[in-house]
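Q: Take a look at the following structure, please.
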Amino acid sequence: MADVPKREVENIEFVFEVMGSPTEGIDAVDLGDALRSLNLNPTLAFIEKLGGTKRRHEKKIKLEEFLPIYSQVKKEKEQGCYEDFVECLKLYDKQEDGTMLLAELQHALLSLGENLEDEQVEELFADCMDPEDDEGMIPYSPFLARMCDRPDQLK
């Protein structure tokens with residue numbers, strides 16, 4: 001079963017139960033979501049290279065096919081982590097106090113790199129964002145901690 005520890009295999013099996021079926025597999029269009037739910041952060045291009053599809057019902061990925069994919073993504077160096085994202089957002093921290101303009105974060109998510117859709121940004125903000133202050137500033141570290149599932153970094 002690839003080089004995946006037993007505990008991680010159990011987590012993967014749970015993801016398959018939620019997103020599809022351990023016996024039938026998951027739809028290939030959900031490959032990225034499955035990997036992200038396991039705390040990995042592959043790019044869209046990498047997901048497509050691994051067999052992810054853009055349309056539903058084109059292909060199924062079975063558990064035994066997913067395990068080597070998971071292992072490969074876990075070893076991938078081209079994915080950002082909490083610390084990388086903090087360093088990036090420090091560029092927008094003009095007062096060097098751990099805050100940035102909410103509008104700048106929204107602009108970055110909508111237009112830079114693998115940009116998100118408006119609805120995705122709104123959902124992300126609803127799930128992870130502290131309220132902005134009177135000047136439109138938000139603390140970016142707690143946002144990133146929630147987004148990257150890093151409760152140890154919440155302040």
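Just remember, in the structure tokens the first chain shown is A, the second B, etc., residues are 1-based per chain, and ligands are 1-based in the order shown.
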Could you list, as a list of chain:residue names, every residue within 12 Å of Asp149 in chain A, counting only C-alpha atoms and ignoring same-chain residues fewer than 5 positions away?
A: A:Arg36, A:Ser37, A:Leu38, A:Asn39, A:Leu40, A:Asn41, A:Cys81, A:Tyr82, A:Asp127, A:Cys128, A:Ser141, A:Pro142, A:Phe143, A:Leu144, A:Leu154
Q: Residues near range 100-116 of chain A, anyone? I mean within 6 Å using only C-alpha atoms, not counting same-chain ones fewer than 2 positions away, as a list in words.
A: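 Selected residues are Tyr92, Asp93, Gly136, Met137 and Ile138 of chain A.
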Q: Kindly indicate which residue among A:Ile47, A:Leu124, A:Met19, A:Met147 lies nearest to Gln72 in chain A, using only C-alpha atoms for the distances.
A: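 Using only C-alpha atoms, Gln72 in chain A sits closest to A:Ile47.
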Q: Based on the backbone DSSP call, show me all residues of chain A assigned strand (DSSP E), as a list in words.
A: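 So, restricting chain A to strand (DSSP E), we get Ile26, Asp27, Lys60, Ile61, Thr99, Met100, Leu101, Met137, Ile138 and Pro139 of chain A.
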Q: Could the residues in this selection be saved with C-alpha atoms as a PDB file, in the first residue's frame?
A:
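Below you can see part-v4.pdb, which holds the result:
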```pdb
ATOM      1  CA  ILE A  26     -13.971   8.990  -5.766  1.00  0.00           C
ATOM      2  CA  ASP A  27     -14.693  10.989  -8.882  1.00  0.00           C
ATOM      3  CA  LYS A  60     -13.066   7.239 -10.878  1.00  0.00           C
ATOM      4  CA  ILE A  61      -9.996   6.935  -8.690  1.00  0.00           C
ATOM      5  CA  THR A  99      -2.419  43.164   9.763  1.00  0.00           C
ATOM      6  CA  MET A 100      -3.239  43.958   6.164  1.00  0.00           C
ATOM      7  CA  LEU A 101      -6.116  45.460   4.233  1.00  0.00           C
ATOM      8  CA  MET A 137      -7.535  45.863   8.354  1.00  0.00           C
ATOM      9  CA  ILE A 138      -7.527  42.170   9.284  1.00  0.00           C
ATOM     10  CA  PRO A 139      -4.982  40.088  11.213  1.00  0.00           C
TER      11      PRO A 139
END
```
Q: Go ahead and compute the interatomic distance for CA of Glu24 in chain A and CA of Leu63 in chain A, in Å to one decimal.
A: 8.3 Å
Q: Just the number, please: distance in Å from CA of Lys6 in chain A to CA of Gly32 in chain A, one decimal.
A: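 If I compute the distance from CA of Lys6 in chain A to CA of Gly32 in chain A, I get 21.6 Å.
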Q: Quick check, in Å to one decimal: how far apart do CA of Leu44 in chain A and CA of Phe16 in chain A lie?
A: 20.1 Å
Q: Enumerate, as a VMD selection string, the complete set of residues in range 16-146 of chain A that a backbone-based DSSP assignment places in alpha helix (DSSP H).
A: chain A and resid 16 to 19 31 to 37 44 to 49 63 to 75 82 to 90 102 to 111 118 to 128 140 to 146
Q: Pick out the residues sitting within 12 Å of Pro68 in chain A, and hand them over as a ChimeraX atom specification; count only C-alpha atoms, and ignore anything fewer than 3 positions along from it in its own chain.
A: /A:1-4,9,12,35,50-51,61-65,71-75
Q: Write the residues you've just listed into a file as a short mmCIF file (atom, residue, chain, number, x, y, z; two decimals), in the first residue's frame, and include N, CA and C atoms for each of them.
A:
```cif
data_model
loop_
_atom_site.label_atom_id
_atom_site.label_comp_id
_atom_site.auth_asym_id
_atom_site.auth_seq_id
_atom_site.Cartn_x
_atom_site.Cartn_y
_atom_site.Cartn_z
N MET A 1 0.83 -1.21 0.00
CA MET A 1 0.00 0.00 0.00
C MET A 1 0.86 1.25 0.00
N ALA A 2 1.62 1.46 -1.04
CA ALA A 2 2.52 2.60 -1.14
C ALA A 2 3.31 2.75 0.16
N ASP A 3 3.84 3.89 0.42
CA ASP A 3 4.59 4.11 1.66
C ASP A 3 3.80 5.05 2.58
N VAL A 4 2.54 4.71 2.79
CA VAL A 4 1.65 5.55 3.59
C VAL A 4 1.43 4.88 4.95
N VAL A 9 -3.59 6.11 6.20
CA VAL A 9 -4.48 5.28 5.38
C VAL A 9 -5.90 5.34 5.96
N ILE A 12 -7.40 8.57 4.92
CA ILE A 12 -7.73 8.51 3.50
C ILE A 12 -9.02 7.71 3.30
N LEU A 35 -7.28 15.60 -1.64
CA LEU A 35 -5.92 15.85 -1.17
C LEU A 35 -5.88 17.02 -0.19
N LEU A 50 -1.76 14.51 -12.16
CA LEU A 50 -1.94 13.28 -11.40
C LEU A 50 -3.19 12.50 -11.80
N GLY A 51 -4.00 13.06 -12.68
CA GLY A 51 -5.19 12.35 -13.13
C GLY A 51 -6.50 13.01 -12.77
N ILE A 61 -11.30 7.28 -9.25
CA ILE A 61 -10.00 6.93 -8.69
C ILE A 61 -10.26 6.04 -7.48
N LYS A 62 -9.75 4.82 -7.55
CA LYS A 62 -9.94 3.86 -6.46
C LYS A 62 -8.90 4.11 -5.37
N LEU A 63 -9.17 3.61 -4.19
CA LEU A 63 -8.29 3.81 -3.04
C LEU A 63 -6.87 3.37 -3.35
N GLU A 64 -6.71 2.20 -3.96
CA GLU A 64 -5.36 1.69 -4.26
C GLU A 64 -4.64 2.56 -5.30
N GLU A 65 -5.38 3.29 -6.14
CA GLU A 65 -4.77 4.24 -7.07
C GLU A 65 -4.44 5.56 -6.37
N SER A 71 0.95 9.82 -1.70
CA SER A 71 2.36 9.74 -1.32
C SER A 71 3.21 10.70 -2.16
N GLN A 72 2.93 10.76 -3.45
CA GLN A 72 3.68 11.64 -4.35
C GLN A 72 3.44 13.11 -3.99
N VAL A 73 2.20 13.47 -3.74
CA VAL A 73 1.88 14.87 -3.41
C VAL A 73 2.52 15.24 -2.08
N LYS A 74 2.52 14.31 -1.14
CA LYS A 74 3.11 14.58 0.18
C LYS A 74 4.60 14.88 0.07
N LYS A 75 5.27 14.27 -0.91
CA LYS A 75 6.71 14.49 -1.10
C LYS A 75 7.00 15.73 -1.95
#
```
Q: Extract, using only C-alpha atoms, all DNA, RNA and protein residues at most 8 Å from range 52-54 of chain A, discarding same-chain residues fewer than 5 positions from it, and format them as a PDB file with C-alpha atoms, in the first residue's frame.
A:
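Full text of selection-v6.pdb as output:
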```
ATOM      1  CA  ALA A  28     -11.443  12.287 -10.410  1.00  0.00           C
ATOM      2  CA  VAL A  29     -12.884  15.821 -10.401  1.00  0.00           C
ATOM      3  CA  ASP A  30     -12.705  15.612  -6.569  1.00  0.00           C
ATOM      4  CA  LEU A  31      -9.032  14.596  -6.452  1.00  0.00           C
ATOM      5  CA  GLY A  32      -7.852  18.067  -5.397  1.00  0.00           C
ATOM      6  CA  ILE A  47      -3.715  17.747  -9.745  1.00  0.00           C
ATOM      7  CA  LYS A  59     -13.130   8.843 -14.339  1.00  0.00           C
TER       8      LYS A  59
END
```
Q: Any idea what's packed within 9 Å of Val15 in chain A, counting only C-alpha atoms, ignoring anything in its chain fewer than 5 positions away? Could you give it as a VMD selection string?
A: chain A and resid 10 20 to 22 34 37 to 38
Q: So, counting only C-alpha atoms, which residue among A:Pro131, A:Pro42, A:Gln95, A:Glu48 is closest to Gly80 in chain A?
A: A:Pro42
Q: Between A:Tyr70, A:Phe125, A:Phe14, A:Tyr140, which is the closest to Leu89 in chain A once you count only C-alpha atoms?
A: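 Distance minimum relative to Leu89 in chain A lands on A:Tyr140.
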